[in-house]
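Okay, upload.txt now, which holds compact mmCIF, C-alpha atoms and all ligand atoms:
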```txt
# COMPACT_ATOMS: atom_id res chain seq x y z
CA MET A 1 27.21 22.81 -37.90
CA ASN A 2 26.53 24.55 -41.24
CA LYS A 3 23.36 26.55 -41.55
CA PRO A 4 20.68 24.88 -43.68
CA ALA A 5 19.39 26.44 -46.90
CA ALA A 6 15.79 25.66 -46.00
CA VAL A 7 14.01 24.51 -42.87
CA PHE A 8 10.65 22.82 -43.35
CA LEU A 9 8.05 23.38 -40.63
CA ASP A 10 4.87 21.43 -39.90
CA SER A 11 2.98 20.49 -36.74
CA GLY A 12 4.18 16.90 -37.24
CA ILE A 13 5.34 14.65 -40.04
CA GLY A 14 2.93 16.00 -42.70
CA GLY A 15 5.46 18.14 -44.54
CA LEU A 16 8.00 15.37 -45.16
CA PRO A 17 6.76 14.62 -48.73
CA TYR A 18 7.42 18.30 -49.58
CA LEU A 19 10.97 18.03 -48.30
CA ALA A 20 11.38 14.82 -50.30
CA TRP A 21 10.21 16.56 -53.49
CA VAL A 22 12.77 19.33 -53.04
CA LYS A 23 15.61 16.93 -52.18
CA ASN A 24 14.73 14.91 -55.24
CA GLN A 25 15.33 17.99 -57.39
CA ARG A 26 18.41 19.22 -55.50
CA PRO A 27 19.91 16.23 -53.65
CA ASN A 28 22.80 18.13 -52.11
CA LEU A 29 20.78 21.06 -50.75
CA ALA A 30 21.21 21.40 -46.96
CA VAL A 31 17.77 21.08 -45.36
CA SER A 32 16.31 20.53 -41.91
CA TYR A 33 12.83 19.67 -40.70
CA LEU A 34 11.02 20.74 -37.54
CA ALA A 35 7.91 18.90 -36.34
CA ASP A 36 6.19 21.21 -33.85
CA THR A 37 5.21 18.33 -31.59
CA ALA A 38 4.69 20.76 -28.69
CA HIS A 39 1.58 22.08 -30.44
CA PHE A 40 0.35 19.16 -32.58
CA PRO A 41 -2.34 19.07 -33.94
CA TYR A 42 -2.62 22.64 -35.22
CA GLY A 43 -5.91 21.85 -36.93
CA GLU A 44 -7.76 21.50 -33.64
CA LEU A 45 -6.49 24.76 -32.11
CA SER A 46 -8.21 28.14 -32.33
CA SER A 47 -6.90 30.48 -35.01
CA SER A 48 -5.15 32.68 -32.45
CA ARG A 49 -3.39 29.65 -30.90
CA ILE A 50 -2.29 28.45 -34.35
CA ILE A 51 -0.84 31.90 -35.05
CA GLN A 52 1.01 31.91 -31.74
CA ALA A 53 2.32 28.34 -32.08
CA ALA A 54 3.48 28.60 -35.69
CA ALA A 55 5.10 32.01 -35.19
CA GLU A 56 6.94 30.70 -32.11
CA ALA A 57 8.17 27.67 -34.04
CA ALA A 58 9.39 29.87 -36.92
CA GLN A 59 11.22 32.14 -34.46
CA LEU A 60 12.84 29.09 -32.85
CA ILE A 61 14.01 27.97 -36.30
CA GLN A 62 15.48 31.34 -37.09
CA ALA A 63 17.18 31.71 -33.71
CA ARG A 64 18.73 28.23 -33.64
CA LEU A 65 19.24 27.26 -37.28
CA ASN A 66 19.30 30.58 -39.11
CA PRO A 67 18.31 29.17 -42.53
CA SER A 68 18.18 31.08 -45.82
CA LEU A 69 14.45 30.29 -46.01
CA ILE A 70 11.62 28.76 -43.97
CA ALA A 71 9.07 26.58 -45.76
CA VAL A 72 5.80 26.32 -43.83
CA VAL A 73 4.69 22.97 -45.22
CA CYS A 74 1.40 23.01 -43.35
CA ASN A 75 -1.85 24.35 -44.77
CA THR A 76 -3.35 25.03 -41.34
CA ALA A 77 -0.37 27.13 -40.25
CA SER A 78 -0.15 28.90 -43.61
CA VAL A 79 -3.78 29.93 -43.97
CA ASN A 80 -3.92 31.16 -40.38
CA ALA A 81 -0.45 32.41 -39.55
CA LEU A 82 1.59 33.22 -42.64
CA GLU A 83 1.24 36.96 -42.20
CA GLU A 84 2.37 36.81 -38.57
CA ILE A 85 5.26 34.44 -39.36
CA ARG A 86 6.48 36.78 -42.12
CA ARG A 87 6.22 39.70 -39.71
CA THR A 88 8.31 38.01 -37.03
CA VAL A 89 11.19 36.39 -38.94
CA SER A 90 13.60 38.13 -41.25
CA CYS A 91 14.24 35.39 -43.85
CA PRO A 92 11.87 34.61 -46.78
CA VAL A 93 8.94 32.35 -45.86
CA VAL A 94 7.18 30.05 -48.35
CA GLY A 95 3.67 28.92 -47.41
CA THR A 96 1.49 25.98 -48.42
CA VAL A 97 -2.17 26.65 -49.18
CA PRO A 98 -4.89 24.40 -50.62
CA ALA A 99 -4.54 24.10 -54.40
CA VAL A 100 -7.95 25.63 -55.15
CA LYS A 101 -6.73 27.50 -58.22
CA PRO A 102 -5.35 24.48 -60.14
CA ALA A 103 -8.36 22.43 -59.06
CA ALA A 104 -10.73 24.99 -60.56
CA GLN A 105 -8.63 25.39 -63.71
CA GLU A 106 -8.14 21.70 -64.35
CA SER A 107 -11.66 20.39 -63.80
CA SER A 108 -15.06 20.69 -65.43
CA THR A 109 -18.11 22.11 -63.69
CA LYS A 110 -18.64 19.33 -61.17
CA PRO A 111 -18.19 19.95 -57.42
CA ILE A 112 -14.68 20.32 -56.01
CA GLY A 113 -13.90 18.66 -52.68
CA ILE A 114 -11.48 20.12 -50.17
CA LEU A 115 -10.09 17.67 -47.64
CA ALA A 116 -8.33 19.55 -44.84
CA THR A 117 -8.26 20.21 -41.11
CA GLN A 118 -10.93 22.07 -39.18
CA GLY A 119 -8.49 24.98 -38.83
CA THR A 120 -8.17 25.23 -42.63
CA VAL A 121 -11.76 24.49 -43.56
CA ASN A 122 -13.01 27.28 -41.26
CA SER A 123 -10.41 29.86 -42.26
CA PRO A 124 -11.27 33.16 -43.94
CA TYR A 125 -8.17 32.57 -46.08
CA LEU A 126 -9.79 29.50 -47.67
CA ASN A 127 -12.94 31.55 -48.32
CA SER A 128 -10.85 34.15 -50.10
CA LEU A 129 -9.09 31.50 -52.23
CA ILE A 130 -12.49 30.14 -53.28
CA ALA A 131 -13.85 33.63 -53.97
CA ALA A 132 -10.80 34.44 -56.10
CA TYR A 133 -10.38 31.23 -58.08
CA ALA A 134 -13.58 29.21 -57.93
CA PRO A 135 -16.39 31.71 -57.27
CA HIS A 136 -19.02 29.88 -59.28
CA ARG A 137 -18.12 26.33 -58.34
CA GLU A 138 -19.81 24.09 -55.82
CA ILE A 139 -17.24 23.47 -53.08
CA VAL A 140 -17.60 20.62 -50.61
CA ARG A 141 -15.42 20.94 -47.51
CA ALA A 142 -14.56 17.89 -45.43
CA ALA A 143 -12.64 18.41 -42.18
CA ALA A 144 -10.69 15.33 -41.17
CA GLY A 145 -8.61 15.84 -38.04
CA ASP A 146 -9.03 12.13 -37.34
CA ILE A 147 -7.00 11.31 -40.47
CA VAL A 148 -4.27 13.71 -39.28
CA ARG A 149 -4.03 11.91 -35.93
CA TYR A 150 -4.08 8.53 -37.59
CA VAL A 151 -1.22 9.42 -39.95
CA GLU A 152 0.83 11.01 -37.18
CA GLU A 153 0.30 8.36 -34.54
CA ASP A 154 -0.73 5.03 -36.04
CA TRP A 155 0.00 4.75 -39.71
CA LEU A 156 3.66 3.78 -39.40
CA ASP A 157 2.85 0.89 -37.09
CA ASP A 158 -0.31 -0.52 -38.58
CA SER A 159 0.91 -0.23 -42.21
CA GLY A 160 -2.34 1.24 -43.41
CA ILE A 161 -4.60 -1.48 -41.99
CA GLY A 162 -6.78 0.94 -39.96
CA ALA A 163 -6.68 3.69 -42.55
CA ARG A 164 -9.90 2.88 -44.36
CA ASP A 165 -12.01 2.94 -41.21
CA VAL A 166 -10.64 6.34 -40.22
CA MET A 167 -11.18 7.79 -43.69
CA GLN A 168 -14.67 6.47 -44.25
CA ARG A 169 -16.54 9.44 -42.77
CA ALA A 170 -14.72 12.31 -44.49
CA LEU A 171 -14.43 10.52 -47.82
CA GLY A 172 -18.10 9.53 -47.59
CA ILE A 173 -19.07 13.23 -47.57
CA LEU A 174 -17.03 13.80 -50.74
CA LYS A 175 -18.36 10.70 -52.49
CA GLN A 176 -21.93 11.61 -51.72
CA ALA A 177 -21.43 15.03 -53.28
CA GLU A 178 -20.07 13.34 -56.43
CA VAL A 179 -16.96 15.48 -56.53
CA GLU A 180 -14.76 15.23 -59.60
CA THR A 181 -11.61 16.68 -58.03
CA VAL A 182 -10.36 16.66 -54.46
CA VAL A 183 -7.85 19.16 -53.13
CA ILE A 184 -5.53 17.51 -50.61
CA GLY A 185 -5.55 20.53 -48.32
CA CYS A 186 -3.52 19.05 -45.48
CA THR A 187 0.03 17.85 -45.91
CA HIS A 188 -0.48 14.85 -43.63
CA PHE A 189 -2.87 13.33 -46.16
CA LEU A 190 -0.14 12.96 -48.77
CA HIS A 191 1.25 10.05 -46.76
CA VAL A 192 -1.97 8.14 -47.37
CA ALA A 193 -2.86 9.57 -50.79
CA GLU A 194 -2.80 6.14 -52.44
CA ILE A 195 -5.42 4.83 -50.03
CA ILE A 196 -7.53 7.98 -50.49
CA GLN A 197 -7.28 7.54 -54.27
CA ASP A 198 -8.27 3.91 -54.02
CA MET A 199 -11.29 4.73 -51.84
CA LEU A 200 -12.47 7.63 -54.05
CA GLY A 201 -12.05 5.75 -57.32
CA GLY A 202 -11.78 7.90 -60.47
CA VAL A 203 -11.69 11.23 -58.60
CA ARG A 204 -8.67 13.42 -59.37
CA LEU A 205 -6.50 14.35 -56.36
CA ILE A 206 -4.66 17.66 -56.49
CA ASP A 207 -1.96 18.78 -54.08
CA SER A 208 0.47 21.68 -53.90
CA ARG A 209 3.74 19.78 -53.53
CA GLU A 210 5.21 20.68 -56.87
CA GLY A 211 4.11 24.33 -56.76
CA VAL A 212 5.52 24.83 -53.27
CA GLY A 213 8.70 22.92 -54.12
CA ARG A 214 9.33 25.03 -57.23
CA ARG A 215 8.76 28.21 -55.25
CA ILE A 216 11.30 27.10 -52.62
CA LEU A 217 13.89 26.27 -55.28
CA SER A 218 13.30 29.56 -57.09
CA LEU A 219 14.27 31.44 -53.92
CA LEU A 220 17.46 29.45 -53.32
CA ASP A 221 20.29 30.24 -55.67
CA GLU A 222 23.17 28.03 -56.74
CA SER A 223 25.31 29.25 -53.84
CA SER A 224 22.87 27.83 -51.25
CA PRO A 225 24.41 25.67 -48.52
CA VAL A 226 25.03 22.06 -49.50
CA SER A 227 25.14 19.19 -47.09
CA GLY A 228 26.13 15.61 -46.57
CA GLU A 229 23.65 15.35 -43.73
CA ASP A 230 20.13 16.72 -43.22
CA HIS A 231 18.44 16.99 -39.86
CA PHE A 232 15.08 16.21 -38.24
CA TYR A 233 14.05 18.02 -35.03
CA VAL A 234 10.99 18.09 -32.82
CA SER A 235 9.95 21.07 -30.71
CA ARG A 236 9.15 18.87 -27.72
CA SER A 237 10.54 15.49 -26.98
CA ALA A 238 8.08 13.27 -25.10
CA ALA A 239 6.82 9.69 -25.12
CA GLY A 240 6.45 8.17 -28.58
CA MET A 241 9.56 9.81 -30.06
CA ASP A 242 10.72 6.54 -31.54
CA ARG A 243 8.09 7.03 -34.25
CA TYR A 244 9.68 10.36 -35.23
CA ARG A 245 13.11 8.81 -35.27
CA ARG A 246 11.78 6.22 -37.73
CA PHE A 247 10.14 8.88 -39.92
CA ALA A 248 13.48 10.71 -39.95
CA GLU A 249 15.24 7.56 -41.11
CA LEU A 250 12.62 6.88 -43.78
CA TYR A 251 13.29 10.30 -45.29
CA GLY A 252 17.08 10.12 -44.99
CA LEU A 253 17.32 12.68 -42.17
CA LYS A 254 19.48 12.47 -39.09
CA TRP A 255 17.44 12.34 -35.88
CA MET A 256 18.42 15.32 -33.69
CA GLY A 257 15.73 15.22 -30.99
CA GLU A 258 14.47 18.44 -29.43
CA LEU A 259 15.46 21.77 -30.97
CA THR A 260 16.39 23.91 -27.98
N1 LIG A 301 -0.20 19.13 -41.74
C1 LIG A 301 -1.08 20.17 -41.38
C2 LIG A 301 -1.76 20.81 -42.60
O1 LIG A 301 -1.27 20.76 -43.70
C3 LIG A 301 -2.12 19.94 -40.32
C4 LIG A 301 -1.96 18.95 -39.25
C5 LIG A 301 -2.46 19.40 -37.90
O2 LIG A 301 -3.67 19.46 -37.66
O3 LIG A 301 -1.61 19.69 -37.08
O4 LIG A 301 -2.79 21.42 -42.46
```

Transcribe the structure of this file into structure tokens.
Ligand code: DGL
Amino acid sequence: MNKPAAVFLDSGIGGLPYLAWVKNQRPNLAVSYLADTAHFPYGELSSSRIIQAAAEAAQLIQARLNPSLIAVVCNTASVNALEEIRRTVSCPVVGTVPAVKPAAQESSTKPIGILATQGTVNSPYLNSLIAAYAPHREIVRAAAGDIVRYVEEDWLDDSGIGARDVMQRALGILKQAEVETVVIGCTHFLHVAEIIQDMLGGVRLIDSREGVGRRILSLLDESSPVSGEDHFYVSRSAAGMDRYRRFAELYGLKWMGELT
């Protein structure tokens, strides 16, 4: 099997829209995706466990797939573990962090909402992003691990029917604060961005998909591996894997099961 140009890593299926963005730009680029199902959800782990889990997953990717680049398409893993991941693998690593800078640049003076996991909302890295790019802005943080679980476990089967109930609490916090812009600071939420937009009305949603995608492409030159077939792996195969197989199909990836 040829080595992939880029392997995308998330705790689950959150990073798939990032892979889709890149494939849309470079359809023949050889890519693979690893959902770290052994440690999902990252957002509810302590920072030291997130560091350990994400670094282990990146090492597994390097040892088994040996890509030109690893894209950590998970905000929780990136804000907690990017340094450790970069220390432990030898290929370039692209991270995904909440788009605080564009949100501050592209909005007026009204509050900015950040919708993310507990592990991101509580991270010193997020504090430093805010201090650097939005020091004088009112920031409203809403942690929504329940939306992560919903997207990972239920969304595919209930076609969005239960989504509004799950989102009510976190989006209520943002509405009440009258935010003008909301940073989608968790990749899982991109899958349900249309519903979030509908529930928040005229609020502007900002995510990092294009910025991260461009960064990935800038690091891969024209000689990067091309493929006729891209692959989807999980780090642990257990009950409920049919859902992952279907996500793989939806994104045009071949289901490979557990990466061992
Ligand atoms: N998709 C991940 C992110 O962007 C988090 C999901 C999880 O909690 O595992 O933060």

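Counting from CA of Gly172 in chain A, the distance to CA of Ile50 in chain A is 28.0 Å.
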
Taking all atoms of range 199-204 of chain A that the file lists, what box with edges along x, y and z, padded by 8 Å per side, do you get, with centre and edge lengths in Å to one decimal, as AutoDock Vina command-line options?
```
--center_x -10.6 --center_y 9.1 --center_z -56.2 --size_x 19.8 --size_y 24.7 --size_z 24.6
```

For range 68-73 of chain A, work out the shell of residues within 6 Å, counting all atoms listed in the file and skipping chain neighbours fewer than 5 positions away, then give it as a PDB file with C-alpha atoms, keeping the file's coordinate frame.
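After the write, part_2.pdb holds the following:
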```
ATOM      1  CA  ALA A   5      19.390  26.440 -46.900  1.00  0.00           C
ATOM      2  CA  ALA A   6      15.790  25.660 -46.000  1.00  0.00           C
ATOM      3  CA  VAL A   7      14.010  24.510 -42.870  1.00  0.00           C
ATOM      4  CA  PHE A   8      10.650  22.820 -43.350  1.00  0.00           C
ATOM      5  CA  LEU A   9       8.050  23.380 -40.630  1.00  0.00           C
ATOM      6  CA  ASP A  10       4.870  21.430 -39.900  1.00  0.00           C
ATOM      7  CA  GLY A  15       5.460  18.140 -44.540  1.00  0.00           C
ATOM      8  CA  CYS A  91      14.240  35.390 -43.850  1.00  0.00           C
ATOM      9  CA  PRO A  92      11.870  34.610 -46.780  1.00  0.00           C
ATOM     10  CA  VAL A  93       8.940  32.350 -45.860  1.00  0.00           C
ATOM     11  CA  VAL A  94       7.180  30.050 -48.350  1.00  0.00           C
ATOM     12  CA  GLY A  95       3.670  28.920 -47.410  1.00  0.00           C
ATOM     13  CA  THR A  96       1.490  25.980 -48.420  1.00  0.00           C
TER      14      THR A  96
END
```

| note | The residue from A:Gly162, A:Pro4, A:Gly12, A:Pro124 with the smallest atom-to-atom distance to ligand LIG 301 (chain A), counting all atoms listed in the file, is A:Gly12

| field | Between CA of Ser108 in chain A and CA of Gln197 in chain A, distance in Å (one decimal) | value | 18.9 Å

| said: Residues within 9 Å of Ile206 in chain A, please, as a PyMOL selection string. Count all atoms listed in the file; anything in the same chain fewer than 3 positions from it doesn't count. | reply: chain A and resi 98-100+102-103+181-185

| task | May I ask you to write as a PyMOL selection string all residues lying at most 6 Å from ligand LIG 301 (chain A), with only C-alpha atoms and all ligand atoms counted? | result | chain A and resi 10-11+14+40-43+74-76+117+148+186-188

Write the residues you've just listed into a file as a CSV table (one decimal), in the frame of the given file, and include C-alpha atoms for each of them.
```
chain,number,residue,atom,x,y,z
A,10,ASP,CA,4.9,21.4,-39.9
A,11,SER,CA,3.0,20.5,-36.7
A,14,GLY,CA,2.9,16.0,-42.7
A,40,PHE,CA,0.4,19.2,-32.6
A,41,PRO,CA,-2.3,19.1,-33.9
A,42,TYR,CA,-2.6,22.6,-35.2
A,43,GLY,CA,-5.9,21.8,-36.9
A,74,CYS,CA,1.4,23.0,-43.4
A,75,ASN,CA,-1.8,24.4,-44.8
A,76,THR,CA,-3.4,25.0,-41.3
A,117,THR,CA,-8.3,20.2,-41.1
A,148,VAL,CA,-4.3,13.7,-39.3
A,186,CYS,CA,-3.5,19.0,-45.5
A,187,THR,CA,0.0,17.8,-45.9
A,188,HIS,CA,-0.5,14.8,-43.6
```

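A straight line drawn from CA of Ala57 in chain A to CA of Val97 in chain A is 18.4 Å long.
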
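Between Glu153 in chain A and the residues A:Thr260, A:Trp21, A:Glu249, A:Met241, the shortest atom-to-atom distance, using only C-alpha atoms, involves A:Met241.
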
| said: I'd like the neighbourhood of Gln59 in chain A as a list in words, where a residue qualifies if any of its atoms comes within 12 Å (using all atoms listed in the file), though same-chain residues fewer than 4 positions away should be ignored. | reply: Val7, Leu9, Leu34, Gln52, Ala53, Ala54, Ala55, Ala63, Arg64, Leu65, Asn66, Pro67, Ile70, Glu84, Ile85, Arg86, Arg87, Thr88, Val89, Ser90, Cys91, Val93, Ser235, Leu259 and Thr260 of chain A

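In terms of minimum interatomic distance to Ala143 in chain A, A:Leu171 ranks closest within A:Val212, A:Ala193, A:Leu171, A:Ile61, counting all atoms listed in the file.
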
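Considering only C-alpha atoms, the residue among A:Asp157, A:Asp230, A:Asp207, A:Glu44 positioned nearest to Phe189 in chain A is A:Asp207.
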
| task | Kindly indicate which residue among A:Leu115, A:Ile130, A:Leu217, A:Val192 lies nearest to Lys175 in chain A, using all atoms listed in the file for the distances. | result | A:Leu115
